[in-house]
Amino acid sequence: MARKTTQNERVKIAQQVIDGVYGYQEAADAYNVTYQMVYGWVRKLKAGGPEALVDRRGKAKEVAE
């Protein structure tokens with residue numbers, strides 16, 4: 001069972017995987033999250049930077065004007 005994480009934690013974990021400190025599974029085990037969560041965070045961080053890891057659940061979609 002995974003736990004809730006903050007944006008700063010997600011950025012830290014993903015950055016450690018990118019830097020080679022941990023592999024995906026090692027990071028998941030070390031921080032008590034799932035492999036899929038770590039993999040998704042790394043992809044989002046590479047594609048959109050730290051802003052991409054903001055938790056948007058339960059919030060209205062932002063409209064680009």
# chains A, B, ... in the order shown; residues from 1 in each chain; ligands from 1

call {"tool": "closest_atom_pairs", "arguments": {"of": "stretch 24-64 of chain A", "to": "stretch 2-16 of chain A", "cutoff": "8 Å", "atoms": "only C-alpha atoms", "output": "CSV"}}
result
residue,atom,partner,partner_atom,distance
A:Ala27,CA,A:Ile13,CA,6.8
A:Asn32,CA,A:Ala2,CA,6.0
A:Val33,CA,A:Ala2,CA,4.5
A:Thr34,CA,A:Ala2,CA,6.0
A:Val38,CA,A:Ala14,CA,6.5
A:Trp41,CA,A:Ala14,CA,5.8
A:Val42,CA,A:Ala14,CA,4.8
A:Leu45,CA,A:Ala14,CA,7.1
A:Pro50,CA,A:Val11,CA,6.2
A:Leu53,CA,A:Gln7,CA,6.0
A:Val54,CA,A:Gln7,CA,5.8
A:Asp55,CA,A:Gln7,CA,7.2

call {"tool": "select_by_dssp", "arguments": {"residues": "chain A", "states": "alpha helix (DSSP H)", "output": "PyMOL selection string"}}
result
chain A and resi 7-19+24-31+35-48

call {"tool": "atom_distance", "arguments": {"atom1": "atom CA of A:Val63", "atom2": "atom CA of A:Arg43"}}
result
23.5 Å

call {"tool": "atom_distance", "arguments": {"atom1": "atom CA of A:Ala47", "atom2": "atom CA of A:Ile18"}}
result
12.5 Å

call {"tool": "atom_distance", "arguments": {"atom1": "atom CA of A:Gly23", "atom2": "atom CA of A:Lys46"}}
result
15.6 Å

call {"tool": "decode", "arguments": {"residues": "stretch 11-36 of chain A", "atoms": "N, CA and C atoms", "output": "CSV table (one decimal), in the first residue's frame"}}
result
chain,number,residue,atom,x,y,z
A,11,VAL,N,9.3,15.3,-6.4
A,11,VAL,CA,10.4,15.9,-7.1
A,11,VAL,C,11.7,15.3,-6.6
A,12,LYS,N,11.9,15.2,-5.3
A,12,LYS,CA,13.1,14.6,-4.7
A,12,LYS,C,13.3,13.2,-5.2
A,13,ILE,N,12.3,12.4,-5.1
A,13,ILE,CA,12.4,11.0,-5.4
A,13,ILE,C,12.7,10.8,-6.9
A,14,ALA,N,12.0,11.5,-7.8
A,14,ALA,CA,12.2,11.4,-9.2
A,14,ALA,C,13.6,11.9,-9.6
A,15,GLN,N,14.1,13.0,-8.9
A,15,GLN,CA,15.4,13.5,-9.2
A,15,GLN,C,16.5,12.5,-8.8
A,16,GLN,N,16.3,11.8,-7.7
A,16,GLN,CA,17.2,10.8,-7.3
A,16,GLN,C,17.3,9.6,-8.3
A,17,VAL,N,16.2,9.2,-8.9
A,17,VAL,CA,16.2,8.2,-9.9
A,17,VAL,C,16.9,8.7,-11.1
A,18,ILE,N,16.6,9.9,-11.5
A,18,ILE,CA,17.3,10.5,-12.7
A,18,ILE,C,18.8,10.6,-12.5
A,19,ASP,N,19.2,11.0,-11.3
A,19,ASP,CA,20.6,11.1,-11.0
A,19,ASP,C,21.4,9.8,-10.8
A,20,GLY,N,20.6,8.7,-10.7
A,20,GLY,CA,21.2,7.4,-10.6
A,20,GLY,C,21.5,7.0,-9.1
A,21,VAL,N,20.9,7.7,-8.2
A,21,VAL,CA,21.1,7.3,-6.8
A,21,VAL,C,20.3,6.0,-6.5
A,22,TYR,N,19.1,5.9,-7.0
A,22,TYR,CA,18.3,4.8,-6.9
A,22,TYR,C,17.8,4.3,-8.3
A,23,GLY,N,17.4,3.1,-8.4
A,23,GLY,CA,16.7,2.6,-9.5
A,23,GLY,C,15.2,2.8,-9.2
A,24,TYR,N,14.3,2.5,-10.1
A,24,TYR,CA,12.9,2.7,-9.8
A,24,TYR,C,12.4,1.8,-8.7
A,25,GLN,N,12.7,0.5,-8.6
A,25,GLN,CA,12.2,-0.3,-7.6
A,25,GLN,C,12.9,0.0,-6.2
A,26,GLU,N,14.2,0.4,-6.3
A,26,GLU,CA,14.9,0.7,-5.0
A,26,GLU,C,14.2,2.0,-4.4
A,27,ALA,N,13.9,3.0,-5.2
A,27,ALA,CA,13.3,4.2,-4.7
A,27,ALA,C,11.9,3.9,-4.2
A,28,ALA,N,11.2,3.0,-4.9
A,28,ALA,CA,9.8,2.7,-4.4
A,28,ALA,C,9.9,2.0,-3.0
A,29,ASP,N,10.9,1.1,-2.9
A,29,ASP,CA,11.0,0.4,-1.6
A,29,ASP,C,11.5,1.4,-0.5
A,30,ALA,N,12.4,2.3,-0.8
A,30,ALA,CA,13.0,3.2,0.2
A,30,ALA,C,12.0,4.2,0.7
A,31,TYR,N,11.1,4.6,-0.2
A,31,TYR,CA,10.1,5.7,0.2
A,31,TYR,C,8.7,5.2,0.4
A,32,ASN,N,8.5,3.9,0.4
A,32,ASN,CA,7.2,3.2,0.6
A,32,ASN,C,6.1,3.7,-0.4
A,33,VAL,N,6.5,3.8,-1.6
A,33,VAL,CA,5.5,4.1,-2.7
A,33,VAL,C,5.6,3.0,-3.7
A,34,THR,N,4.8,3.0,-4.8
A,34,THR,CA,4.8,2.0,-5.8
A,34,THR,C,5.8,2.3,-6.9
A,35,TYR,N,6.2,1.2,-7.6
A,35,TYR,CA,7.0,1.4,-8.8
A,35,TYR,C,6.4,2.2,-9.8
A,36,GLN,N,5.1,2.0,-10.0
A,36,GLN,CA,4.3,2.8,-11.0
A,36,GLN,C,4.3,4.3,-10.7
